[in-house]
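Student: What follows is entry-v9.csv, made up of CSV, C-alpha atoms:
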chain,number,residue,atom,x,y,z
A,4,MET,CA,119.5,119.2,135.9
A,5,GLU,CA,118.5,122.2,138.0
A,6,LYS,CA,116.9,124.0,135.0
A,7,LEU,CA,114.5,121.2,134.3
A,8,ILE,CA,110.8,121.6,135.1
A,9,PRO,CA,109.7,118.0,135.8
A,10,PHE,CA,106.5,116.7,134.3
A,11,SER,CA,104.4,115.1,137.0
A,12,SER,CA,101.7,112.4,136.9
A,13,ASN,CA,99.2,115.2,137.8
A,14,ASP,CA,100.4,117.2,134.7
A,15,LEU,CA,99.9,114.1,132.6
A,16,ALA,CA,96.4,113.5,134.0
A,17,LYS,CA,95.4,117.1,133.1
A,18,VAL,CA,96.3,116.7,129.4
A,19,THR,CA,94.9,113.1,129.0
A,20,ASN,CA,91.3,112.8,127.8
A,21,HIS,CA,90.1,109.7,129.5
A,22,ARG,CA,87.5,107.7,127.7
A,23,SER,CA,85.7,104.5,128.7
A,24,GLY,CA,87.0,101.4,126.9
A,25,GLU,CA,90.2,103.1,125.7
A,26,ILE,CA,93.7,103.3,127.0
A,27,LYS,CA,95.7,106.4,126.1
A,28,PHE,CA,99.4,107.0,126.2
A,29,GLY,CA,98.8,109.5,129.1
A,30,GLU,CA,97.6,106.6,131.3
A,31,LYS,CA,100.8,104.5,130.6
A,32,MET,CA,103.7,107.0,130.1
A,33,LEU,CA,106.1,107.3,133.0
A,34,THR,CA,107.0,110.4,134.9
A,35,ILE,CA,109.6,110.8,137.6
A,36,PRO,CA,107.9,110.5,141.0
A,37,LYS,CA,108.2,113.5,143.3
A,38,GLY,CA,111.1,113.3,145.8
A,39,THR,CA,112.9,110.7,143.7
A,40,ASP,CA,116.5,111.0,142.5
A,41,SER,CA,115.8,111.8,138.8
A,42,LEU,CA,119.1,110.4,137.4
A,43,LEU,CA,118.7,107.2,139.3
A,44,PHE,CA,115.1,106.8,138.2
A,45,LEU,CA,116.1,107.7,134.6
A,46,LYS,CA,118.7,104.9,134.6
A,47,ASN,CA,116.6,102.2,136.2
A,48,CYS,CA,113.1,102.7,134.6
A,49,ASP,CA,111.9,100.5,131.9
A,50,ALA,CA,111.2,103.2,129.3
A,51,LYS,CA,113.6,103.4,126.5
A,52,TYR,CA,112.6,106.8,125.2
A,53,VAL,CA,112.7,110.1,127.1
A,54,LEU,CA,110.5,113.1,126.0
A,55,PHE,CA,112.1,116.5,126.7
A,56,GLY,CA,110.6,119.9,125.7
A,57,ILE,CA,112.4,123.1,125.0
A,58,PRO,CA,109.7,125.9,124.9
A,59,GLU,CA,111.8,128.7,123.5
A,60,ASP,CA,112.2,130.7,120.2
A,61,ILE,CA,115.2,132.9,121.2
A,62,GLY,CA,117.4,131.2,118.6
A,63,VAL,CA,114.8,131.9,116.0
A,64,ARG,CA,114.6,135.6,117.0
A,65,ALA,CA,118.4,135.8,116.9
A,66,ASN,CA,118.2,134.5,113.3
A,67,PHE,CA,115.7,137.1,112.3
A,68,GLY,CA,112.9,134.6,112.2
A,69,ARG,CA,109.3,134.8,113.4
A,70,PRO,CA,108.8,133.8,117.1
A,71,GLY,CA,106.2,131.1,117.9
A,72,ALA,CA,108.2,127.9,118.2
A,73,ALA,CA,108.1,128.1,122.0
A,74,SER,CA,104.5,126.8,121.8
A,75,ALA,CA,105.3,123.4,120.2
A,76,TRP,CA,106.0,121.5,123.4
A,77,ASP,CA,102.7,122.3,125.0
A,78,SER,CA,100.8,121.3,121.8
A,79,ALA,CA,102.9,118.1,121.3
A,80,ILE,CA,102.5,116.7,124.8
A,81,LYS,CA,98.7,117.2,124.7
A,82,SER,CA,98.6,115.2,121.5
A,83,ILE,CA,101.1,112.5,122.5
A,84,ALA,CA,99.1,111.9,125.8
A,85,ASN,CA,96.0,111.1,123.8
A,86,ILE,CA,97.5,108.6,121.3
A,87,GLN,CA,96.0,105.1,121.7
A,88,HIS,CA,98.1,102.6,123.7
A,89,ASN,CA,97.7,99.4,121.7
A,90,ARG,CA,99.6,96.5,120.0
A,91,PHE,CA,101.3,98.9,117.6
A,92,CYS,CA,102.9,101.3,120.1
A,93,LYS,CA,103.0,101.2,123.9
A,94,GLY,CA,102.8,104.3,126.1
A,95,TYR,CA,105.0,102.8,128.8
A,96,GLN,CA,108.0,102.9,126.3
A,97,LEU,CA,108.1,106.7,127.0
A,98,LEU,CA,109.2,108.6,130.1
A,99,VAL,CA,108.0,112.3,130.1
A,100,LEU,CA,111.0,114.1,131.6
A,101,GLY,CA,109.7,117.6,131.4
A,102,GLN,CA,110.7,120.9,129.9
A,103,LEU,CA,113.7,123.3,130.1
A,104,ASP,CA,113.0,126.3,132.3
A,105,VAL,CA,113.4,129.2,130.0
A,106,CYS,CA,110.9,131.6,131.5
A,107,GLN,CA,113.4,134.2,132.6
A,108,GLU,CA,115.2,134.1,129.2
A,109,MET,CA,111.9,134.4,127.3
A,110,LYS,CA,111.0,137.5,129.4
A,111,GLU,CA,114.4,139.0,128.6
A,112,VAL,CA,114.0,138.8,124.9
A,113,GLU,CA,110.4,140.3,124.7
A,114,ASN,CA,111.6,143.8,123.7
A,115,LEU,CA,114.9,143.0,122.0
A,116,ASN,CA,115.3,144.0,118.4
A,117,PHE,CA,117.4,141.9,116.0
A,118,HIS,CA,118.2,145.0,113.9
A,119,ASP,CA,120.1,146.5,116.9
A,120,ALA,CA,123.6,145.1,117.2
A,121,ASP,CA,123.6,145.2,121.0
A,122,ASP,CA,120.3,143.4,121.2
A,123,ARG,CA,121.5,140.8,118.7
A,124,SER,CA,124.5,140.2,120.9
A,125,LYS,CA,122.2,139.7,123.9
A,126,LEU,CA,120.1,137.2,122.0
A,127,SER,CA,123.2,135.2,121.0
A,128,LYS,CA,124.4,135.1,124.7
A,129,LEU,CA,121.0,133.8,125.8
A,130,VAL,CA,121.2,131.1,123.1
A,131,GLU,CA,124.6,130.1,124.5
A,132,LYS,CA,123.1,129.9,128.0
A,133,ILE,CA,120.4,127.6,126.7
A,134,ASP,CA,123.0,125.5,124.8
A,135,LYS,CA,124.8,124.7,128.1
A,136,GLU,CA,121.5,123.5,129.7
A,137,VAL,CA,120.4,121.5,126.7
A,138,SER,CA,123.7,119.7,126.3
A,139,HIS,CA,123.8,118.9,130.1
A,140,ILE,CA,120.3,117.3,130.1
A,141,ILE,CA,120.9,115.4,126.8
A,142,PHE,CA,124.2,114.2,128.2
A,143,ASN,CA,122.4,112.8,131.3
A,144,ILE,CA,119.7,111.1,129.3
A,145,VAL,CA,122.1,109.4,126.9
A,146,LYS,CA,124.5,108.5,129.7
A,147,SER,CA,121.6,106.7,131.5
A,148,GLY,CA,121.2,104.4,128.4
A,149,LYS,CA,118.0,106.1,127.1
A,150,THR,CA,117.2,107.7,123.8
A,151,PRO,CA,116.1,111.4,123.9
A,152,ILE,CA,113.1,112.6,121.9
A,153,ILE,CA,113.5,116.4,122.0
A,154,ILE,CA,110.6,118.7,121.0
A,155,GLY,CA,112.0,122.1,120.3
A,156,GLY,CA,111.8,125.5,120.0
A,157,GLY,CA,114.3,126.6,117.4
A,158,HIS,CA,116.8,124.6,115.5
A,159,ASN,CA,119.6,126.3,117.5
A,160,ASN,CA,119.0,123.3,119.9
A,161,SER,CA,120.7,120.9,117.5
A,162,TYR,CA,124.0,122.1,118.9
A,163,GLY,CA,123.1,121.1,122.5
A,164,ASN,CA,121.7,117.7,121.3
A,165,ILE,CA,124.9,117.0,119.3
A,166,LYS,CA,127.3,118.2,122.1
A,167,GLY,CA,125.4,116.3,124.9
A,168,THR,CA,125.3,113.1,122.9
A,169,ALA,CA,128.9,113.3,121.8
A,170,LEU,CA,130.1,114.0,125.3
A,171,SER,CA,128.1,111.0,126.6
A,172,LYS,CA,129.4,108.7,123.9
A,173,GLY,CA,133.0,110.0,124.3
A,174,LYS,CA,133.4,110.8,120.7
A,175,PRO,CA,132.0,113.1,117.9
A,176,ILE,CA,128.7,111.9,116.4
A,177,ASN,CA,127.0,112.2,113.0
A,178,ALA,CA,123.7,113.9,112.1
A,179,ILE,CA,121.1,113.7,109.4
A,180,ASN,CA,119.0,116.8,109.0
A,181,PHE,CA,115.6,116.9,107.2
A,182,ASP,CA,115.6,120.6,106.4
A,183,ALA,CA,115.0,123.3,103.7
A,184,HIS,CA,118.1,125.1,105.1
A,185,SER,CA,121.6,124.0,105.9
A,186,ASP,CA,121.8,125.7,109.4
A,187,PHE,CA,125.5,125.6,108.6
A,188,ARG,CA,125.9,129.4,108.4
A,189,ILE,CA,129.0,131.4,109.6
A,190,LEU,CA,130.0,131.5,113.3
A,191,GLU,CA,128.6,135.0,113.9
A,192,GLY,CA,127.2,134.4,117.4
A,193,ARG,CA,124.7,131.6,118.2
A,194,HIS,CA,121.3,131.4,116.6
A,195,SER,CA,119.0,128.9,114.9
A,196,GLY,CA,120.9,129.0,111.6
A,197,ASN,CA,124.3,127.8,112.8
A,198,GLY,CA,123.8,125.0,115.3
A,199,PHE,CA,125.5,122.5,113.1
A,200,SER,CA,128.4,124.7,112.0
A,201,TYR,CA,129.3,125.5,115.7
A,202,ALA,CA,129.0,121.8,116.6
A,203,TYR,CA,131.3,120.9,113.6
A,204,GLU,CA,133.8,123.7,114.4
A,205,GLU,CA,134.0,122.6,118.1
A,206,GLY,CA,134.6,118.9,117.2
A,207,PHE,CA,131.3,117.4,118.4
A,208,LEU,CA,129.9,116.8,114.9
A,209,LYS,CA,131.8,114.4,112.7
A,210,LYS,CA,129.7,113.8,109.6
A,211,TYR,CA,126.6,115.8,108.6
A,212,PHE,CA,124.0,115.1,105.8
A,213,ILE,CA,121.4,117.7,104.9
A,214,PHE,CA,118.4,116.1,103.3
A,215,GLY,CA,116.2,118.2,100.9
A,216,LEU,CA,118.0,121.6,100.9
A,217,HIS,CA,116.0,124.3,99.0
A,218,GLU,CA,118.2,125.7,96.3
A,219,ASN,CA,116.6,129.1,96.5
A,220,TYR,CA,117.4,129.5,100.1
A,221,THR,CA,121.0,128.3,100.4
A,222,SER,CA,123.7,130.9,100.0
A,223,LYS,CA,126.7,130.6,97.6
A,224,SER,CA,129.1,130.9,100.6
A,225,VAL,CA,127.5,128.0,102.4
A,226,LEU,CA,127.6,125.9,99.3
A,227,ASP,CA,131.3,126.8,98.8
A,228,ILE,CA,132.1,125.8,102.4
A,229,ILE,CA,130.4,122.5,102.0
A,230,LYS,CA,132.1,121.7,98.8
A,231,LYS,CA,135.5,122.1,100.5
A,232,ILE,CA,134.6,119.6,103.2
A,233,GLU,CA,132.4,117.2,101.2
A,234,ASP,CA,134.2,114.2,102.8
A,235,ARG,CA,132.3,115.2,106.1
A,236,VAL,CA,129.4,117.3,105.0
A,237,ARG,CA,127.0,116.4,102.1
A,238,TYR,CA,123.5,117.2,101.0
A,239,ASN,CA,120.9,116.7,98.4
A,240,THR,CA,118.3,119.2,97.3
A,241,TYR,CA,114.5,119.1,97.3
A,242,ASP,CA,114.5,120.5,93.8
A,243,SER,CA,116.7,117.7,92.4
A,244,ILE,CA,114.5,115.0,93.9
A,245,LYS,CA,110.9,116.3,93.5
A,246,ILE,CA,111.1,119.0,90.8
A,247,ARG,CA,113.7,118.0,88.2
A,248,LYS,CA,113.4,114.3,89.2
A,249,GLU,CA,117.2,113.8,88.8
A,250,LYS,CA,117.3,111.8,92.0
A,251,GLU,CA,114.9,109.4,93.6
A,252,PHE,CA,113.6,109.8,97.2
A,253,ASN,CA,114.2,106.2,98.3
A,254,GLN,CA,117.6,106.0,96.7
A,255,GLU,CA,118.6,109.2,98.4
A,256,LEU,CA,117.6,107.7,101.8
A,257,VAL,CA,120.1,104.9,101.1
A,258,GLN,CA,122.8,107.3,100.0
A,259,ALA,CA,122.4,109.3,103.2
A,260,ILE,CA,122.3,106.3,105.6
A,261,GLU,CA,125.5,104.9,104.0
A,262,PHE,CA,127.2,108.2,104.8
A,263,ILE,CA,126.3,108.4,108.5
A,264,GLN,CA,125.5,105.0,109.8
A,265,ASN,CA,129.0,103.8,110.8
A,266,ASP,CA,128.8,106.1,113.9
A,267,TYR,CA,126.1,107.2,116.4
A,268,TYR,CA,123.9,109.8,114.8
A,269,GLY,CA,121.1,112.2,115.6
A,270,ILE,CA,118.0,112.6,113.6
A,271,GLU,CA,117.1,116.3,113.2
A,272,ILE,CA,113.7,117.3,111.8
A,273,ASP,CA,112.8,120.9,110.9
A,274,LEU,CA,109.1,121.3,110.3
A,275,ASP,CA,109.6,124.3,108.1
A,276,ALA,CA,110.6,121.8,105.3
A,277,ILE,CA,106.9,120.8,105.1
A,278,PRO,CA,104.4,123.0,103.1
A,279,ASN,CA,101.9,125.0,105.1
A,280,ILE,CA,103.2,124.0,108.5
A,281,ALA,CA,103.2,127.1,110.8
A,282,SER,CA,106.8,127.8,111.5
A,283,SER,CA,109.3,130.7,111.6
A,284,ALA,CA,110.1,130.2,107.9
A,285,MET,CA,107.0,128.7,106.4
A,286,THR,CA,107.1,127.2,102.9
A,287,LEU,CA,104.5,126.5,100.2
A,288,SER,CA,106.8,123.9,98.4
A,289,GLY,CA,108.4,120.9,100.0
A,290,PHE,CA,108.2,117.2,100.9
A,291,SER,CA,104.9,115.7,102.0
A,292,ILE,CA,104.1,114.7,105.6
A,293,GLU,CA,104.1,111.0,104.4
A,294,GLU,CA,107.6,111.4,103.0
A,295,LEU,CA,108.7,113.0,106.3
A,296,ARG,CA,107.2,110.1,108.2
A,297,GLN,CA,108.9,107.6,106.0
A,298,PHE,CA,112.2,109.5,106.6
A,299,VAL,CA,111.8,109.3,110.4
A,300,SER,CA,110.9,105.6,110.2
A,301,TYR,CA,113.8,104.8,107.9
A,302,PHE,CA,116.5,106.5,109.9
A,303,GLY,CA,115.0,105.3,113.2
A,304,LYS,CA,115.5,101.6,112.4
A,305,ASN,CA,119.3,101.6,112.9
A,306,LYS,CA,121.2,100.8,116.1
A,307,ASN,CA,123.2,104.0,115.8
A,308,ALA,CA,120.2,106.3,115.9
A,309,SER,CA,120.8,108.1,119.1
A,310,TYR,CA,118.1,110.8,119.4
A,311,LEU,CA,115.2,112.4,117.5
A,312,HIS,CA,114.8,116.2,117.5
A,313,ILE,CA,111.6,117.8,116.1
A,314,CYS,CA,111.8,121.6,115.9
A,315,GLU,CA,110.6,124.9,114.5
A,316,GLY,CA,106.9,124.0,114.5
A,317,ALA,CA,105.0,127.1,115.8
A,318,PRO,CA,101.3,126.4,116.7
A,319,ASP,CA,101.0,130.0,117.8
A,320,LEU,CA,101.5,131.1,114.2
A,321,GLY,CA,98.9,128.7,112.9
A,322,GLU,CA,95.1,128.9,112.4
A,323,GLU,CA,93.5,129.5,115.7
A,324,LYS,CA,90.9,126.7,115.2
A,325,ASN,CA,93.5,124.2,114.1
A,326,ASN,CA,96.6,125.0,116.1
A,327,HIS,CA,96.5,121.5,117.6
A,328,LEU,CA,97.5,120.0,114.3
A,329,ILE,CA,101.3,120.6,114.7
A,330,GLY,CA,101.1,118.7,118.0
A,331,LYS,CA,99.3,115.9,116.2
A,332,LEU,CA,102.0,115.8,113.5
A,333,ILE,CA,104.7,115.7,116.1
A,334,GLY,CA,102.9,112.8,117.8
A,335,TYR,CA,102.9,110.8,114.5
A,336,LEU,CA,106.7,111.4,114.1
A,337,VAL,CA,107.4,110.3,117.7
A,338,THR,CA,105.5,107.0,117.3
A,339,ASP,CA,107.0,106.4,113.8
A,340,PHE,CA,110.4,106.7,115.4
A,341,ILE,CA,109.5,104.4,118.4
A,342,LYS,CA,107.9,101.8,116.1
A,343,SER,CA,110.9,101.5,113.9
A,344,ASN,CA,113.5,101.8,116.7
A,345,SER,CA,112.1,99.8,119.6
A,346,ASN,CA,112.9,96.3,118.4
A,347,ILE,CA,116.5,97.0,117.6
A,348,ILE,CA,119.1,95.0,119.6
A,349,PRO,CA,121.9,97.3,120.6
Please lay out the structure from this file as structure tokens.
Tutor:
Amino acid sequence: MEKLIPFSSNDLAKVTNHRSGEIKFGEKMLTIPKGTDSLLFLKNCDAKYVLFGIPEDIGVRANFGRPGAASAWDSAIKSIANIQHNRFCKGYQLLVLGQLDVCQEMKEVENLNFHDADDRSKLSKLVEKIDKEVSHIIFNIVKSGKTPIIIGGGHNNSYGNIKGTALSKGKPINAINFDAHSDFRILEGRHSGNGFSYAYEEGFLKKYFIFGLHENYTSKSVLDIIKKIEDRVRYNTYDSIKIRKEKEFNQELVQAIEFIQNDYYGIEIDLDAIPNIASSAMTLSGFSIEELRQFVSYFGKNKNASYLHICEGAPDLGEEKNNHLIGKLIGYLVTDFIKSNSNIIP
């Protein structure tokens, strides 16, 4: 895991606001001690969950989106460190592994233009490079018997999550994606809009359910492709559940879990499905934060839930005075997942 920037106990102390009479997650979460074999520590530590950050937005740029998702990890870890350690959720359940080193790659994309074909090719190549590193790290986390909680950059990282988990498990896995978009677009070079289609094409993704597609932003070609493979890829739409009321939210949760629960599965959360959340593709219409939290809790309480990935949040694109709120939302989702998942017997 050469491309990993470890998160140290000193780093944790810097982002934890200590207060007399209170115990914060930052005082209890684990980090890998300096000079220790990271894989050995990962395997033997008591924490069940491993926090891993990917501070990039290269896949978003390659998909003609607005950059900013690189800032989510920094915001999230500050919020998570200051959650109260109490009877409801314990900080020592989490190991903060660190973040992927993408400094060089982020420098390389600063002046690239998506409209230029050569630059677009360079962006895709850099996404492929990140894919390899993400899948390698996720493979090692899962192989050590832990559950990764990945805080992204772009949704391009779904590919590395799925590949790394599948390789570790020795077979293809399933995925449930809470998203306004399918991210099942054509194989035109890697970007944030085709992580699932590449994982499917390469045999790492077995079954895939998209929860809450926005009908206005899903192309006919994608819908036609899904229709041909509906035994393995299914979806419902936000419009059918919340606007036309043809389907009911809780019943749709049941339909989706029945489709994926017979194999290991990843839980993918794209924050651009929530109204007014700063992201590369912000929306004004979508599910509520409470519904998203219920979704994470519902899919987390299953023995086959293998990872949680929260992506596309972009604090840098939010209001300057309130750019901590995305980190706070990610903190809620992380603890919702842990609370629902931690008592499961494998």
Student: Hey, which of A:Ser222, A:Ser291, A:Ser147, A:Ser127 ends up closest to Lys51 in chain A? Count only C-alpha atoms.
Tutor: A:Ser147
Student: Between CA of Asp14 in chain A and CA of Val105 in chain A, what is the distance in Å, rounded to a tenth?
Tutor: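 We find that CA of Asp14 in chain A and CA of Val105 in chain A lie 18.3 Å from each other.
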Student: Give as a short mmCIF file (atom, residue, chain, number, x, y, z; two decimals) with C-alpha atoms, in the coordinates of the input every residue, naming chains and numbers as the document does, that has an atom within 10 Å of (112.7, 98.0, 119.4), counting only C-alpha atoms.
Tutor:
data_model
loop_
_atom_site.label_atom_id
_atom_site.label_comp_id
_atom_site.auth_asym_id
_atom_site.auth_seq_id
_atom_site.Cartn_x
_atom_site.Cartn_y
_atom_site.Cartn_z
CA LYS A 51 113.60 103.40 126.50
CA GLN A 96 108.00 102.90 126.30
CA GLY A 303 115.00 105.30 113.20
CA LYS A 304 115.50 101.60 112.40
CA ASN A 305 119.30 101.60 112.90
CA LYS A 306 121.20 100.80 116.10
CA PHE A 340 110.40 106.70 115.40
CA ILE A 341 109.50 104.40 118.40
CA LYS A 342 107.90 101.80 116.10
CA SER A 343 110.90 101.50 113.90
CA ASN A 344 113.50 101.80 116.70
CA SER A 345 112.10 99.80 119.60
CA ASN A 346 112.90 96.30 118.40
CA ILE A 347 116.50 97.00 117.60
CA ILE A 348 119.10 95.00 119.60
CA PRO A 349 121.90 97.30 120.60
#
Student: So that I can check the surroundings of Lys245 in chain A, please list as number ranges by chain every protein, DNA and RNA residue that reaches within 12 Å of it, counting all atoms listed in the file and ignoring chain neighbours fewer than 3 positions away.
Tutor: A: 215-217, 239-242, 248-253, 255, 288-291, 294
Student: If you count all atoms listed in the file, which residues fall within 6 Å of range 188-198 of chain A, apart from same-chain ones fewer than 3 positions away, as a PyMOL selection string?
Tutor: chain A and resi 62-63+65-66+127+157-159+161-162+201
Student: Could the residues of range 132-151 of chain A that have an atom at most 9 Å from range 308-314 of chain A be listed as a tab-separated table, each with its closest atom pair and the distance in Å to one decimal, counting only C-alpha atoms and ordered by chain and ascending residue number?
Tutor:
residue	atom	partner	partner_atom	distance
A:Val145	CA	A:Ser309	CA	8.0
A:Lys149	CA	A:Ser309	CA	8.7
A:Thr150	CA	A:Tyr310	CA	5.5
A:Pro151	CA	A:Tyr310	CA	5.0
Student: Write out as a PyMOL selection string each polymer residue whose atoms come within 9 Å of range 175-183 of chain A, counting only C-alpha atoms; drop sequence neighbours fewer than 5 positions from it.
Tutor: chain A and resi 165-166+168-170+199+203+206-218+220-221+240-241+259-260+263-277+286+289+295+298+302
Student: Start from the incomplete input, build N, CA and C atoms for range 199-213 of chain A, and deliver everything as a short mmCIF file (atom, residue, chain, number, x, y, z; two decimals), in the coordinates of the input.
Tutor:
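Written out: out.cif:
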data_model
loop_
_atom_site.label_atom_id
_atom_site.label_comp_id
_atom_site.auth_asym_id
_atom_site.auth_seq_id
_atom_site.Cartn_x
_atom_site.Cartn_y
_atom_site.Cartn_z
N PHE A 199 124.69 123.55 113.59
CA PHE A 199 125.50 122.50 113.10
C PHE A 199 126.95 122.97 112.77
N SER A 200 127.09 124.21 112.28
CA SER A 200 128.40 124.70 112.00
C SER A 200 129.24 124.92 113.29
N TYR A 201 128.58 125.35 114.36
CA TYR A 201 129.30 125.50 115.70
C TYR A 201 129.64 124.09 116.19
N ALA A 202 128.72 123.12 116.08
CA ALA A 202 129.00 121.80 116.60
C ALA A 202 130.16 121.14 115.77
N TYR A 203 130.21 121.43 114.48
CA TYR A 203 131.30 120.90 113.60
C TYR A 203 132.62 121.58 113.99
N GLU A 204 132.60 122.90 114.12
CA GLU A 204 133.80 123.70 114.40
C GLU A 204 134.41 123.25 115.77
N GLU A 205 133.54 122.92 116.73
CA GLU A 205 134.00 122.60 118.10
C GLU A 205 134.29 121.10 118.27
N GLY A 206 134.16 120.33 117.20
CA GLY A 206 134.60 118.90 117.20
C GLY A 206 133.56 117.94 117.77
N PHE A 207 132.29 118.35 117.89
CA PHE A 207 131.30 117.40 118.40
C PHE A 207 130.53 116.72 117.22
N LEU A 208 130.57 117.34 116.04
CA LEU A 208 129.90 116.80 114.90
C LEU A 208 130.93 116.28 113.87
N LYS A 209 130.85 114.99 113.57
CA LYS A 209 131.80 114.40 112.70
C LYS A 209 131.35 114.44 111.22
N LYS A 210 130.23 113.77 110.91
CA LYS A 210 129.70 113.80 109.60
C LYS A 210 128.25 114.35 109.62
N TYR A 211 127.90 115.10 108.58
CA TYR A 211 126.60 115.80 108.60
C TYR A 211 126.00 115.69 107.17
N PHE A 212 124.75 115.22 107.11
CA PHE A 212 124.00 115.10 105.80
C PHE A 212 122.75 115.97 105.92
N ILE A 213 122.60 116.90 104.96
CA ILE A 213 121.40 117.70 104.90
C ILE A 213 120.49 117.15 103.80
#
